[in-house]
Each structure stands twice: as C-alpha cells, then as structure tokens.
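Visitor: As input, take query32.cif (mmCIF, C-alpha atoms):
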data_start
loop_
_atom_site.label_atom_id
_atom_site.label_comp_id
_atom_site.auth_asym_id
_atom_site.auth_seq_id
_atom_site.Cartn_x
_atom_site.Cartn_y
_atom_site.Cartn_z
CA MET A 178 -20.91 19.91 41.40
CA GLY A 179 -18.86 21.51 44.12
CA LEU A 180 -18.57 25.19 44.85
CA PHE A 181 -15.15 25.57 43.16
CA ASP A 182 -16.01 23.36 40.17
CA PHE A 183 -17.79 26.34 38.66
CA PHE A 184 -14.49 28.22 38.27
CA LYS A 185 -12.65 25.38 36.56
CA LYS A 186 -12.26 25.73 32.82
CA ASP A 187 -13.42 22.93 30.56
CA LYS A 188 -10.36 21.24 29.18
CA LYS A 189 -11.44 20.25 25.71
CA GLU A 190 -9.21 17.98 23.77
CA GLU A 191 -7.59 19.71 20.81
CA PRO A 192 -8.33 18.04 17.46
CA LYS A 193 -5.40 16.19 15.94
CA VAL A 194 -4.00 17.98 12.89
CA ASP A 195 -0.66 16.25 12.32
CA PHE A 196 -1.29 12.82 10.79
CA THR A 197 1.28 10.42 9.32
CA VAL A 198 0.73 8.31 6.20
CA ASN A 199 0.28 5.28 8.45
CA GLU A 200 -2.72 6.91 10.18
CA MET A 201 -4.79 7.76 7.11
CA LYS A 202 -8.37 6.55 6.82
CA LYS A 203 -10.84 6.36 3.96
CA GLY A 204 -11.84 9.90 2.96
CA PHE A 205 -8.59 11.58 4.08
CA ILE A 206 -6.97 14.09 1.72
CA VAL A 207 -3.19 14.12 1.22
CA ASP A 208 -0.84 16.15 -0.97
CA TYR A 209 1.78 14.37 -3.06
CA SER A 210 3.64 15.39 -6.20
CA MET A 211 1.86 18.74 -6.45
CA LYS A 212 -1.61 17.12 -6.41
CA SER A 213 -4.25 16.49 -3.78
CA TRP A 214 -5.26 12.85 -3.45
CA GLU A 215 -8.27 11.33 -1.72
CA VAL A 216 -7.95 8.03 0.15
CA LYS A 217 -10.58 5.82 -1.49
CA LYS A 218 -9.79 2.50 0.19
CA VAL A 219 -7.60 1.18 3.01
CA SER A 220 -6.49 -2.45 3.23
CA ASN A 221 -4.51 -4.09 6.01
CA TYR A 222 -2.13 -6.95 5.24
CA ASN A 223 -0.93 -9.54 7.75
CA TRP A 224 2.23 -11.17 6.38
CA GLY A 225 2.80 -13.36 9.46
CA ASN A 226 5.53 -13.19 12.11
CA ASN A 227 4.15 -9.86 13.41
CA TYR A 228 4.76 -8.16 10.06
CA TYR A 229 1.97 -5.89 8.80
CA SER A 230 1.48 -3.33 6.06
CA LYS A 231 -1.23 -1.00 4.82
CA GLU A 232 -2.29 -0.24 1.29
CA TYR A 233 -4.12 2.93 0.38
CA ILE A 234 -5.85 3.52 -2.94
CA LEU A 235 -5.37 7.21 -3.72
CA ASP A 236 -7.33 9.14 -6.35
CA ALA A 237 -6.39 12.58 -7.70
CA GLY A 238 -9.28 12.70 -10.18
CA ASP A 239 -7.13 12.23 -13.26
CA GLU A 240 -4.85 9.56 -11.79
CA LYS A 241 -5.00 6.65 -9.33
CA MET A 242 -2.20 4.95 -7.44
CA PHE A 243 -1.57 2.55 -4.61
CA LEU A 244 0.45 3.61 -1.59
CA ASN A 245 1.99 0.78 0.42
CA VAL A 246 3.21 1.61 3.93
CA GLU A 247 5.24 -0.77 6.11
CA ASP A 248 6.29 0.08 9.65
CA ASP A 249 9.70 -1.59 9.91
CA ASP A 250 11.31 0.51 12.69
CA GLU A 251 10.63 3.42 10.32
CA LEU A 252 7.96 3.95 7.68
CA VAL A 253 8.85 2.34 4.36
CA CYS A 254 6.65 3.69 1.58
CA SER A 255 6.22 2.72 -2.03
CA ILE A 256 3.82 3.91 -4.72
CA TRP A 257 2.38 1.60 -7.36
CA SER A 258 0.28 1.72 -10.49
CA SER A 259 -1.53 -1.21 -12.06
CA ILE A 260 -0.13 -2.88 -15.16
CA ASP A 261 -1.51 -5.69 -17.26
CA LEU A 262 0.00 -9.07 -16.44
CA PHE A 263 0.14 -9.79 -20.18
CA ASP A 264 2.41 -6.77 -20.69
CA ILE A 265 5.03 -8.61 -18.63
CA ASP A 266 4.59 -12.02 -20.24
CA GLN A 267 1.57 -13.51 -22.00
CA ASN A 268 2.24 -16.90 -20.41
CA LEU A 269 3.02 -15.69 -16.89
CA ALA A 270 -0.31 -16.71 -15.32
CA ILE A 271 -0.09 -20.15 -16.94
CA GLU A 272 3.49 -20.58 -15.68
CA ILE A 273 2.52 -19.63 -12.13
CA ARG A 274 -0.52 -21.95 -12.11
CA THR A 275 1.52 -24.83 -13.59
CA ASN A 276 4.54 -24.50 -11.29
CA ASP A 277 2.73 -22.97 -8.29
CA GLU A 278 5.62 -20.49 -8.30
CA ALA A 279 6.63 -17.34 -10.19
CA PRO A 280 9.85 -17.14 -12.21
CA ASN A 281 13.04 -15.72 -10.71
CA LYS A 282 13.39 -13.00 -13.39
CA LEU A 283 10.98 -10.86 -15.38
CA LEU A 284 11.47 -8.63 -18.38
CA TYR A 285 9.26 -5.54 -18.46
CA ALA A 286 9.71 -2.32 -20.44
CA ASN A 287 13.14 -3.49 -21.60
CA LYS A 288 14.37 -3.88 -18.01
CA THR A 289 15.19 -7.07 -16.15
CA TYR A 290 13.67 -7.45 -12.69
CA VAL A 291 14.98 -10.06 -10.24
CA ARG A 292 12.74 -11.67 -7.64
CA LYS A 293 13.44 -10.16 -4.26
CA GLU A 294 10.89 -12.05 -2.17
CA SER A 295 7.72 -14.08 -2.11
CA SER A 296 5.19 -14.00 0.72
CA GLN A 297 1.72 -15.05 1.69
CA ALA A 298 -0.69 -12.68 3.37
CA VAL A 299 -4.20 -12.19 4.63
CA CYS A 300 -5.82 -8.95 3.42
CA GLU A 301 -8.73 -7.14 5.06
CA GLU A 302 -10.32 -4.00 3.65
CA GLU A 303 -11.23 -1.54 6.42
CA GLY A 304 -14.99 -1.27 6.82
CA VAL A 305 -15.69 -4.49 4.90
CA GLU A 306 -16.27 -7.87 6.51
CA GLY A 307 -14.22 -10.83 5.36
CA GLU A 308 -10.67 -11.38 4.34
CA SER A 309 -8.78 -12.55 1.28
CA LYS A 310 -5.64 -14.62 1.03
CA LEU A 311 -2.93 -13.93 -1.49
CA VAL A 312 0.55 -14.90 -2.57
CA ASN A 313 2.82 -12.01 -3.55
CA TRP A 314 6.03 -12.00 -5.56
CA THR A 315 8.12 -8.80 -5.55
CA TYR A 316 10.82 -8.07 -8.13
CA GLN A 317 13.36 -5.25 -8.22
CA HIS A 318 15.39 -3.69 -11.00
CA SER A 319 19.04 -3.69 -9.90
CA ALA A 320 19.95 -0.23 -11.18
CA SER A 321 16.94 1.64 -9.79
CA LYS A 322 14.35 1.65 -7.05
CA GLU A 323 11.71 0.34 -9.47
CA CYS A 324 9.80 -2.79 -8.49
CA ILE A 325 7.16 -5.11 -9.88
CA SER A 326 4.60 -6.82 -7.68
CA ILE A 327 2.51 -9.81 -8.75
CA ASN A 328 -0.39 -11.00 -6.59
CA ARG A 329 -2.23 -14.27 -6.89
CA TRP A 330 -5.66 -14.24 -5.26
CA GLY A 331 -6.96 -17.80 -5.02
CA GLU A 332 -6.26 -20.09 -7.96
CA GLU A 333 -7.21 -18.01 -10.98
CA GLU A 334 -7.06 -14.29 -10.18
CA PHE A 335 -3.85 -12.30 -10.73
CA ASP A 336 -2.89 -8.63 -10.69
CA ALA A 337 0.36 -6.83 -11.31
CA SER A 338 1.72 -3.39 -10.57
CA VAL A 339 4.91 -1.42 -11.04
CA GLY A 340 6.22 0.87 -8.35
CA THR A 341 9.06 2.64 -6.66
CA TYR A 342 10.16 3.41 -3.10
CA ILE A 343 9.63 6.93 -1.81
CA LYS A 344 10.07 8.82 1.45
CA ALA A 345 7.11 9.25 3.81
CA ARG A 346 7.92 12.96 4.05
CA GLU A 347 6.94 13.37 0.37
CA PHE A 348 3.32 13.28 1.58
CA SER A 349 2.04 16.40 3.29
CA ASN A 350 -1.13 18.10 4.50
CA ILE A 351 -2.71 14.81 5.58
CA LEU A 352 -6.17 15.78 6.76
CA PRO A 353 -9.48 14.07 7.43
CA ARG A 354 -12.37 15.15 5.24
#
Can you give me the file's structure in the form of structure tokens?

Guide:
Amino acid sequence: MGLFDFFKKDKKEEPKVDFTVNEMKKGFIVDYSMKSWEVKKVSNYNWGNNYYSKEYILDAGDEKMFLNVEDDDELVCSIWSSIDLFDIDQNLAIEIRTNDEAPNKLLYANKTYVRKESSQAVCEEEGVEGESKLVNWTYQHSASKECISINRWGEEEFDASVGTYIKAREFSNILPR
C-alpha cells in the first residue's frame, strides 16, 4: 500500500436494482396485474438456429402462471395457464401419437385456433442437471391475441396451456429476494 492509497475512497459497486423480465432468477419477486408474484422455477429453451426463450413459473399464492420471454430484437412476452388436454379434444393425444403430428385447427372454449408453428426444443431447468426434449405446437385465435400451446415430452407425455401476448413493461418492481 502506497502513501497516497490511504486517501483513495473504496469504490464499491452499487447493487443492481433495475432488472428486466429476461434477467429474473428463481426467488425473484415481480409485480403484475396488481399482485406480487414469486419466481418458482426458470427453464431455458433452445429452439435451434440461435433462437432461445425462457419460461418462468410465477406464483402469487392464489394463482400460478407461466411467463414465456423471447428476445427477438425486443422482448416478446406471453403469459400462460395450464389447461387439460382433454378439454380441447378427448382424442388429441391419440391423434398426435398416431400421426406424429398435431392437427392444423383446434376448437377450444367455442373458439377456433389455427396452428401458427411447430418446433422442437431442448429444455433445461436452471439449477437442475439434465435436459428434456419436446415438440411444441402453437395455435392462435385469429380475432384475438389468445394462443394455445401443446407440448409433447417424449412419446407419451403431453401438456397444454392457453395464453396471450403481453408487453414486458406490464411487469414492474422486479427484485431479488
């Protein structure tokens, strides 16, 4: 330590307080729709061709939802809630297994959804070793921003969710626990 080092002030790094939805980690708290939500799980998806997305499971105590965030020149966000595959069509899983493909149209809650895309991905949950592979089919209702997502994990496991696109700015007060 030199003679003048004594007079120098310690430059401590200021803690980060302005997080985006794409930077959230497990345990973070975020405000959305007049509720505070805790990030319970973070999963990273690799869709190939340098295309990635994140999925957050958010819990407000009385409600759970999925937040999907894609960074496609700007943040594209959508919120989802689980639905039963049988509520869409009782034979949907059988049809997908038989044809190795999902139908082009779905009827759910008296609305017709048209298939927008199908993709394969590798999913990794943050903090957990191992990865899972899935095939995803996304459908959109033509008159709204509502969507349906169907995932096939392996040969026999399916899940479905219904969602809508939202703006990233609808989330605020993103803070670590």

Visitor: Within 12 Å of region 195-210 of chain A, which residues of region 261-344 of chain A show up? Give each one with its shortest atom-to-atom distance in Å (one decimal) and the two atoms involved, counting all atoms listed in the file, rows by chain then rising residue number, as a tab-separated table.

Guide:
residue	atom	partner	partner_atom	distance
A:Glu302	CA	A:Lys203	CA	10.4
A:Glu303	CA	A:Lys203	CA	8.3
A:Gly304	CA	A:Lys203	CA	9.1
A:Val305	CA	A:Lys203	CA	11.9
A:Ile343	CA	A:Tyr209	CA	10.9
A:Lys344	CA	A:Val198	CA	10.5

Visitor: Using Å and a single decimal, report how far CA of Ser338 (chain A) sits from CA of His318 (chain A).

Guide: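 CA of Ser338 (chain A) lies at a distance of 13.7 Å from CA of His318 (chain A).
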
Visitor: Written as a list of chain:residue names, which residues does the PyMOL selection byres ((chain A and resi 301) around 12) give for the file shown?

Guide: A:Lys218, A:Val219, A:Ser220, A:Asn221, A:Tyr222, A:Asn223, A:Trp224, A:Tyr229, A:Ser230, A:Lys231, A:Glu232, A:Ala298, A:Val299, A:Cys300, A:Glu302, A:Glu303, A:Gly304, A:Val305, A:Glu306, A:Gly307, A:Glu308, A:Ser309, A:Lys310, A:Leu311

Visitor: State, in Å with one decimal place, the distance from CA of Leu352 (chain A) to CA of Asp249 (chain A).

Guide: 23.7 Å

Visitor: I need the residue nearest Ser319 (chain A) from this list: A:Asn281, A:Asn268, A:Thr289, A:Ser255. Use only C-alpha atoms for the distance.

Guide: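 Answer, going by the shortest atom-to-atom distance: A:Thr289.
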
Visitor: Can you take the partial region 195-219 of chain A, add N, CA, C and O atoms, and return it as a compact mmCIF listing (two decimals), keeping the file's coordinate frame?

Guide:
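Written file, out.txt:
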# COMPACT_ATOMS: atom_id res chain seq x y z
N ASP A 195 -1.94 16.68 12.87
CA ASP A 195 -0.66 16.25 12.32
C ASP A 195 -0.66 14.74 12.17
O ASP A 195 -0.21 14.01 13.04
N PHE A 196 -1.18 14.25 11.05
CA PHE A 196 -1.29 12.82 10.79
C PHE A 196 -0.09 12.33 9.97
O PHE A 196 0.48 13.07 9.19
N THR A 197 0.25 11.05 10.15
CA THR A 197 1.28 10.42 9.32
C THR A 197 0.58 9.58 8.25
O THR A 197 -0.62 9.32 8.34
N VAL A 198 1.33 9.13 7.26
CA VAL A 198 0.73 8.31 6.20
C VAL A 198 0.19 7.00 6.76
O VAL A 198 -0.75 6.43 6.20
N ASN A 199 0.73 6.53 7.85
CA ASN A 199 0.28 5.28 8.45
C ASN A 199 -1.03 5.42 9.21
O ASN A 199 -1.62 4.43 9.61
N GLU A 200 -1.49 6.65 9.43
CA GLU A 200 -2.72 6.91 10.18
C GLU A 200 -3.91 7.30 9.30
O GLU A 200 -4.98 7.57 9.81
N MET A 201 -3.71 7.32 7.99
CA MET A 201 -4.79 7.76 7.11
C MET A 201 -5.95 6.78 7.13
O MET A 201 -5.78 5.59 7.35
N LYS A 202 -7.14 7.32 6.90
CA LYS A 202 -8.37 6.55 6.82
C LYS A 202 -9.07 6.90 5.50
O LYS A 202 -8.73 7.89 4.84
N LYS A 203 -10.05 6.10 5.16
CA LYS A 203 -10.84 6.36 3.96
C LYS A 203 -11.44 7.77 4.06
O LYS A 203 -11.96 8.16 5.10
N GLY A 204 -11.32 8.54 2.98
CA GLY A 204 -11.84 9.90 2.96
C GLY A 204 -10.80 10.96 3.26
O GLY A 204 -11.03 12.15 3.01
N PHE A 205 -9.64 10.60 3.80
CA PHE A 205 -8.59 11.58 4.08
C PHE A 205 -8.10 12.19 2.76
O PHE A 205 -8.18 11.57 1.70
N ILE A 206 -7.58 13.40 2.85
CA ILE A 206 -6.97 14.09 1.72
C ILE A 206 -5.49 14.27 2.04
O ILE A 206 -5.11 14.60 3.16
N VAL A 207 -4.64 14.02 1.03
CA VAL A 207 -3.19 14.12 1.22
C VAL A 207 -2.58 14.75 -0.03
O VAL A 207 -3.05 14.52 -1.14
N ASP A 208 -1.55 15.55 0.16
CA ASP A 208 -0.84 16.15 -0.97
C ASP A 208 0.40 15.33 -1.28
O ASP A 208 1.15 14.94 -0.39
N TYR A 209 0.59 15.08 -2.58
CA TYR A 209 1.78 14.37 -3.06
C TYR A 209 2.02 14.77 -4.52
O TYR A 209 1.07 14.82 -5.31
N SER A 210 3.24 15.07 -4.83
CA SER A 210 3.64 15.39 -6.20
C SER A 210 2.77 16.49 -6.81
O SER A 210 2.29 16.38 -7.93
N MET A 211 2.59 17.54 -6.04
CA MET A 211 1.86 18.74 -6.45
C MET A 211 0.40 18.47 -6.82
O MET A 211 -0.20 19.17 -7.63
N LYS A 212 -0.20 17.43 -6.22
CA LYS A 212 -1.61 17.12 -6.41
C LYS A 212 -2.21 16.77 -5.06
O LYS A 212 -1.52 16.30 -4.17
N SER A 213 -3.52 16.96 -4.95
CA SER A 213 -4.25 16.49 -3.78
C SER A 213 -4.90 15.17 -4.14
O SER A 213 -5.51 15.02 -5.20
N TRP A 214 -4.76 14.21 -3.24
CA TRP A 214 -5.26 12.85 -3.45
C TRP A 214 -6.26 12.51 -2.35
O TRP A 214 -6.05 12.86 -1.19
N GLU A 215 -7.31 11.80 -2.71
CA GLU A 215 -8.27 11.33 -1.72
C GLU A 215 -8.04 9.84 -1.48
O GLU A 215 -7.87 9.06 -2.42
N VAL A 216 -8.06 9.44 -0.21
CA VAL A 216 -7.95 8.03 0.15
C VAL A 216 -9.30 7.37 -0.12
O VAL A 216 -10.28 7.68 0.52
N LYS A 217 -9.34 6.48 -1.10
CA LYS A 217 -10.58 5.82 -1.49
C LYS A 217 -10.79 4.49 -0.79
O LYS A 217 -11.91 4.04 -0.62
N LYS A 218 -9.68 3.84 -0.40
CA LYS A 218 -9.79 2.50 0.19
C LYS A 218 -8.54 2.26 1.02
O LYS A 218 -7.45 2.68 0.66
N VAL A 219 -8.71 1.55 2.14
CA VAL A 219 -7.60 1.18 3.01
C VAL A 219 -7.67 -0.32 3.24
O VAL A 219 -8.71 -0.84 3.63
